[in-house]
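A.B. asks: One structure, as structure tokens, below. Some questions next.
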Amino acid sequence: NSGLTWEVVFDRSNIVPSDFHSIYFINDKIGLATLGHGDFLRTTNGGLSWKKINDGYKANKFFFVNDKEGFFTYDYGKLYFTEDAGLTWVRRDLHESYYAGTNLKGLYFINKNEGFIGGLFGRFYKTIDNGITSKQYGITYNDVKSFYSVNNKLYLTTNKEIFKSQDETRTWEKINSATEFGNRKIQFIDDNTALGIFYRDSNNNSADFFKTYNGGKTWNLIKYTSIVDFKLFDAKFGVLRDSDASVHYTVDGGNSYQPSNEKYLTNFQKIGNTV
């Protein structure tokens with residue numbers, strides 16, 4: 001019902017540590033999750049129950065290109081690939097040895113062979129052979145947080161900048177920020193429209209919510225404060241989390257938000273008609 005009410009399908013609040021480090025649903029039944037202490041879980045009934053399939057994995061980010069083939073990023077330059085919807089995984093080493101400063105976070109694949117992986121200190125990688133080999137790039141000194149594609153344009157975000165490429169990493173265009181202090185999150189909906197949470201000062205303790213209608217040339221302040229996370233699923237519908245952990249929903253592309261019945265939700269994902 002567009003985020004108005006939420007239903008708890010799985011509760012670990014009486015277990016320590018109980019936090020999900022990452023969670024991703026391949027479809028409305030099959031999902032994957034890693035916990036704070038490294039348990040790797042899989043569900044086949046929409047999250048009602050979970051089965052541990054491995055120990056020690058702590059996926060930073062998941063991405064699937066279809067219902068069977070997908071990836072997750074790990075620390076120390078490690079990328080993992082599955083062909084059976086997450087039952088088994090093959091490791092791809094973007095680095096030949098374990099050393100600090102090589103944790104991988106951003107992740108986007110066009111198909112099972114061609115993809116982009118983001119790392120620390122501005123490093124990111126492109127592979128065209130399923131991660132078996134890769135080429136390293138660098139256009140900034142800031143950690144690469146995410147990749148995503150809109151209308152065949154690739155976007156790269158860091159905690160300070162956002163870049164756009166129209167030719168698969170050969171050239172990048174830096175997009176204007178709403179403030180000089182960096183961002184918590186930016187999401188483009190189309191070539192011109194985007195929402196962003198931008199910090200008010202260098203302490204990064206508080207931030208405001210902005211929207212652009214001209215590809216980031218200028219940003220308009222939305223009069224709603226204390227936003228810490230959001231996710232738009234189309235041009236109008238999205239969800240938002242406030243600093244007090246309250247969850248809100250929007251049906252007008254972020255211009256206004258309405259409260260829901262839930263708190264403490266993160267990592268929003270939409271599959272079919274279900275969030």
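Residue numbering restarts at 1 in every chain; chains get A, B, ... in the order shown in the structure tokens, and ligands count up from 1 in that same order.
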Could you build a table of the residues in stretch 57-167 of chain A lying no more than 12 Å from stretch 214-229 of chain A, giving for each the nearest pair of atoms and their separation in Å rounded to one decimal place, using only C-alpha atoms, ordered by chain and ascending residue number, as JSON lines?
C.D. replies:
{"residue": "A:Val150", "atom": "CA", "partner": "A:Gly215", "partner_atom": "CA", "distance": 12.0}
{"residue": "A:Tyr155", "atom": "CA", "partner": "A:Gly215", "partner_atom": "CA", "distance": 11.8}
{"residue": "A:Glu161", "atom": "CA", "partner": "A:Gly216", "partner_atom": "CA", "distance": 11.4}
{"residue": "A:Ile162", "atom": "CA", "partner": "A:Gly216", "partner_atom": "CA", "distance": 9.6}
{"residue": "A:Phe163", "atom": "CA", "partner": "A:Gly216", "partner_atom": "CA", "distance": 10.5}
{"residue": "A:Lys164", "atom": "CA", "partner": "A:Gly215", "partner_atom": "CA", "distance": 10.1}
A.B. asks: Using the chain letters and numbers from this document, which residues of stretch 59-130 of chain A does DSSP assign to strand (DSSP E), as number ranges by chain?
C.D. replies: A: 61-64, 70-73, 78-82, 90-93, 104-109, 115-119, 123-127
A.B. asks: What separation in Å, quoted to one decimal, exists between atom CA of A:Ser149 and atom CA of A:Phe72?
C.D. replies: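 Computing the Euclidean distance for atom CA of A:Ser149 and atom CA of A:Phe72 yields 17.6 Å.
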A.B. asks: What's the 12 Å shell around A:Thr171, counting only C-alpha atoms, without same-chain residues fewer than 3 positions away, as a ChimeraX atom specification?
C.D. replies: /A:137-139,153-155,163-168,174
A.B. asks: Selected residues, C-alpha atoms, written as a JSON list (two decimals), in the first residue's frame, please.
C.D. replies:
[["chain", "number", "residue", "atom", "x", "y", "z"],
["A", 137, "TYR", "CA", 40.60, 3.37, -12.94],
["A", 138, "GLY", "CA", 40.74, 6.46, -10.77],
["A", 139, "ILE", "CA", 39.08, 9.86, -11.20],
["A", 153, "LYS", "CA", 24.35, 6.54, -18.61],
["A", 154, "LEU", "CA", 26.56, 5.28, -15.81],
["A", 155, "TYR", "CA", 26.65, 7.22, -12.51],
["A", 163, "PHE", "CA", 30.13, 11.66, -11.88],
["A", 164, "LYS", "CA", 28.33, 10.68, -15.08],
["A", 165, "SER", "CA", 29.76, 8.74, -18.03],
["A", 166, "GLN", "CA", 28.14, 8.17, -21.40],
["A", 167, "ASP", "CA", 30.93, 6.07, -22.90],
["A", 168, "GLU", "CA", 31.77, 3.32, -20.39],
["A", 174, "LYS", "CA", 31.44, 15.86, -12.70]]
A.B. asks: List as a PDB file with N, CA and C atoms, in the first residue's frame the protein and nucleic acid residues near A:Arg91, meaning an atom at most 12 Å away when only C-alpha atoms are counted, but skip any in the same chain fewer than 3 places from it.
C.D. replies:
ATOM      1  N   TYR A  57      31.455 -14.874   5.463  1.00  0.00           N
ATOM      2  CA  TYR A  57      31.171 -13.881   4.443  1.00  0.00           C
ATOM      3  C   TYR A  57      30.508 -12.666   5.085  1.00  0.00           C
ATOM      4  N   PHE A  71      26.469 -11.259  -8.027  1.00  0.00           N
ATOM      5  CA  PHE A  71      27.766 -10.960  -7.426  1.00  0.00           C
ATOM      6  C   PHE A  71      27.563 -10.351  -6.041  1.00  0.00           C
ATOM      7  N   PHE A  72      28.616 -10.425  -5.233  1.00  0.00           N
ATOM      8  CA  PHE A  72      28.693  -9.534  -4.077  1.00  0.00           C
ATOM      9  C   PHE A  72      30.139  -9.104  -3.878  1.00  0.00           C
ATOM     10  N   THR A  73      30.312  -7.902  -3.337  1.00  0.00           N
ATOM     11  CA  THR A  73      31.636  -7.369  -3.041  1.00  0.00           C
ATOM     12  C   THR A  73      31.995  -7.668  -1.595  1.00  0.00           C
ATOM     13  N   TYR A  74      33.290  -7.823  -1.375  1.00  0.00           N
ATOM     14  CA  TYR A  74      33.816  -8.156  -0.055  1.00  0.00           C
ATOM     15  C   TYR A  74      35.036  -7.267   0.183  1.00  0.00           C
ATOM     16  N   ASP A  75      35.663  -7.437   1.314  1.00  0.00           N
ATOM     17  CA  ASP A  75      36.862  -6.668   1.626  1.00  0.00           C
ATOM     18  C   ASP A  75      38.091  -7.250   0.914  1.00  0.00           C
ATOM     19  N   TYR A  76      39.181  -6.496   0.954  1.00  0.00           N
ATOM     20  CA  TYR A  76      40.483  -6.931   0.428  1.00  0.00           C
ATOM     21  C   TYR A  76      40.440  -7.269  -1.059  1.00  0.00           C
ATOM     22  N   GLY A  77      39.644  -6.507  -1.822  1.00  0.00           N
ATOM     23  CA  GLY A  77      39.632  -6.681  -3.262  1.00  0.00           C
ATOM     24  C   GLY A  77      38.999  -7.961  -3.744  1.00  0.00           C
ATOM     25  N   LYS A  78      38.056  -8.509  -2.977  1.00  0.00           N
ATOM     26  CA  LYS A  78      37.451  -9.781  -3.344  1.00  0.00           C
ATOM     27  C   LYS A  78      36.039  -9.573  -3.880  1.00  0.00           C
ATOM     28  N   LEU A  79      35.764 -10.235  -5.006  1.00  0.00           N
ATOM     29  CA  LEU A  79      34.459 -10.239  -5.649  1.00  0.00           C
ATOM     30  C   LEU A  79      34.003 -11.685  -5.761  1.00  0.00           C
ATOM     31  N   TYR A  80      32.731 -11.956  -5.474  1.00  0.00           N
ATOM     32  CA  TYR A  80      32.203 -13.319  -5.536  1.00  0.00           C
ATOM     33  C   TYR A  80      31.077 -13.393  -6.561  1.00  0.00           C
ATOM     34  N   PHE A  81      30.997 -14.553  -7.249  1.00  0.00           N
ATOM     35  CA  PHE A  81      30.022 -14.766  -8.321  1.00  0.00           C
ATOM     36  C   PHE A  81      29.267 -16.063  -8.082  1.00  0.00           C
ATOM     37  N   THR A  82      27.952 -16.056  -8.362  1.00  0.00           N
ATOM     38  CA  THR A  82      27.128 -17.252  -8.251  1.00  0.00           C
ATOM     39  C   THR A  82      26.358 -17.480  -9.540  1.00  0.00           C
ATOM     40  N   THR A  88      25.998 -21.433  -4.065  1.00  0.00           N
ATOM     41  CA  THR A  88      27.455 -21.563  -4.069  1.00  0.00           C
ATOM     42  C   THR A  88      28.062 -20.331  -4.723  1.00  0.00           C
ATOM     43  N   LEU A  94      40.389  -9.321  -7.341  1.00  0.00           N
ATOM     44  CA  LEU A  94      40.844  -8.132  -8.048  1.00  0.00           C
ATOM     45  C   LEU A  94      42.244  -7.734  -7.607  1.00  0.00           C
ATOM     46  N   HIS A  95      42.655  -8.259  -6.444  1.00  0.00           N
ATOM     47  CA  HIS A  95      44.045  -8.124  -5.986  1.00  0.00           C
ATOM     48  C   HIS A  95      44.568  -9.509  -5.673  1.00  0.00           C
ATOM     49  N   GLU A  96      45.858  -9.720  -5.883  1.00  0.00           N
ATOM     50  CA  GLU A  96      46.435 -11.035  -5.667  1.00  0.00           C
ATOM     51  C   GLU A  96      46.765 -11.312  -4.214  1.00  0.00           C
ATOM     52  N   ASN A 130      33.580 -11.423 -16.384  1.00  0.00           N
ATOM     53  CA  ASN A 130      33.014 -12.008 -15.170  1.00  0.00           C
ATOM     54  C   ASN A 130      33.913 -11.824 -13.951  1.00  0.00           C
ATOM     55  N   GLY A 131      34.789 -10.828 -13.982  1.00  0.00           N
ATOM     56  CA  GLY A 131      35.664 -10.560 -12.853  1.00  0.00           C
ATOM     57  C   GLY A 131      36.942 -11.361 -12.829  1.00  0.00           C
ATOM     58  N   ILE A 132      37.165 -12.201 -13.827  1.00  0.00           N
ATOM     59  CA  ILE A 132      38.404 -12.986 -13.876  1.00  0.00           C
ATOM     60  C   ILE A 132      39.596 -12.048 -14.034  1.00  0.00           C
TER      61      ILE A 132
END
A.B. asks: For A:Leu32, list every protein, DNA or RNA residue within 7 Å, evaluated using only C-alpha atoms, and leave out those in the same chain fewer than 2 positions away; present the list as a PyMOL selection string.
C.D. replies: chain A and resi 23-25+41-43
A.B. asks: Can you spit out the residues from that selection as a PDB file, in the first residue's frame, using C-alpha atoms?
C.D. replies:
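Output below, filename out29.pdb:
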ATOM      1  CA  ILE A  23      20.390  -7.950   2.478  1.00  0.00           C
ATOM      2  CA  TYR A  24      19.158  -8.456  -1.085  1.00  0.00           C
ATOM      3  CA  PHE A  25      16.163 -10.165  -2.666  1.00  0.00           C
ATOM      4  CA  LEU A  41      21.834 -16.599   5.162  1.00  0.00           C
ATOM      5  CA  ARG A  42      19.449 -17.521   2.357  1.00  0.00           C
ATOM      6  CA  THR A  43      15.647 -17.573   2.232  1.00  0.00           C
TER       7      THR A  43
END
A.B. asks: Tell me which protein, DNA and RNA residues are within 9 Å of A:Leu120, counting only C-alpha atoms, leaving out same-chain ones fewer than 4 positions away, and put them as a compact mmCIF listing (two decimals) with N, CA, C and O atoms, in the first residue's frame.
C.D. replies:
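Result file part01.txt:
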# COMPACT_ATOMS: atom_id res chain seq x y z
N GLY A 101 43.01 -1.10 2.71
CA GLY A 101 42.61 -0.06 1.77
C GLY A 101 42.05 -0.58 0.47
O GLY A 101 41.98 0.16 -0.50
N THR A 102 41.65 -1.86 0.43
CA THR A 102 41.15 -2.43 -0.82
C THR A 102 39.73 -2.99 -0.67
O THR A 102 39.32 -3.86 -1.44
N ASN A 103 39.00 -2.53 0.33
CA ASN A 103 37.62 -2.97 0.48
C ASN A 103 36.78 -2.50 -0.71
O ASN A 103 36.97 -1.40 -1.22
N LEU A 104 35.86 -3.34 -1.15
CA LEU A 104 35.02 -3.05 -2.31
C LEU A 104 33.60 -2.77 -1.86
O LEU A 104 33.06 -3.48 -1.00
N LYS A 105 32.98 -1.74 -2.45
CA LYS A 105 31.64 -1.35 -2.04
C LYS A 105 30.71 -1.21 -3.24
O LYS A 105 29.76 -1.95 -3.39
N PHE A 124 38.27 2.28 -8.84
CA PHE A 124 37.20 1.42 -9.30
C PHE A 124 37.70 0.59 -10.46
O PHE A 124 38.73 0.88 -11.07
N TYR A 141 39.96 11.01 -5.35
CA TYR A 141 40.62 10.41 -4.20
C TYR A 141 39.62 9.94 -3.14
O TYR A 141 40.02 9.40 -2.11
N ASN A 142 38.34 10.12 -3.41
CA ASN A 142 37.30 9.76 -2.44
C ASN A 142 36.76 8.37 -2.72
O ASN A 142 36.71 7.92 -3.86
N ASP A 143 36.33 7.69 -1.65
CA ASP A 143 35.84 6.32 -1.77
C ASP A 143 34.63 6.25 -2.70
O ASP A 143 33.71 7.07 -2.61
N VAL A 144 34.63 5.26 -3.59
CA VAL A 144 33.51 5.07 -4.50
C VAL A 144 32.43 4.29 -3.78
O VAL A 144 32.61 3.13 -3.40
N LYS A 145 31.26 4.92 -3.58
CA LYS A 145 30.18 4.30 -2.81
C LYS A 145 29.25 3.46 -3.67
O LYS A 145 28.77 2.41 -3.24
A.B. asks: Would you please work out which residue, of A:Gly86, A:Asn203, A:Lys58, A:Lys160, is nearest to A:Asn183 when using only C-alpha atoms?
C.D. replies: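 For A:Asn183, the nearest of the candidates is A:Lys160.
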A.B. asks: I need the residue nearest A:Asp84 from this list: A:Ser206, A:Lys126, A:Ile26, A:Asn54. Use only C-alpha atoms for the distance.
C.D. replies: A:Ile26
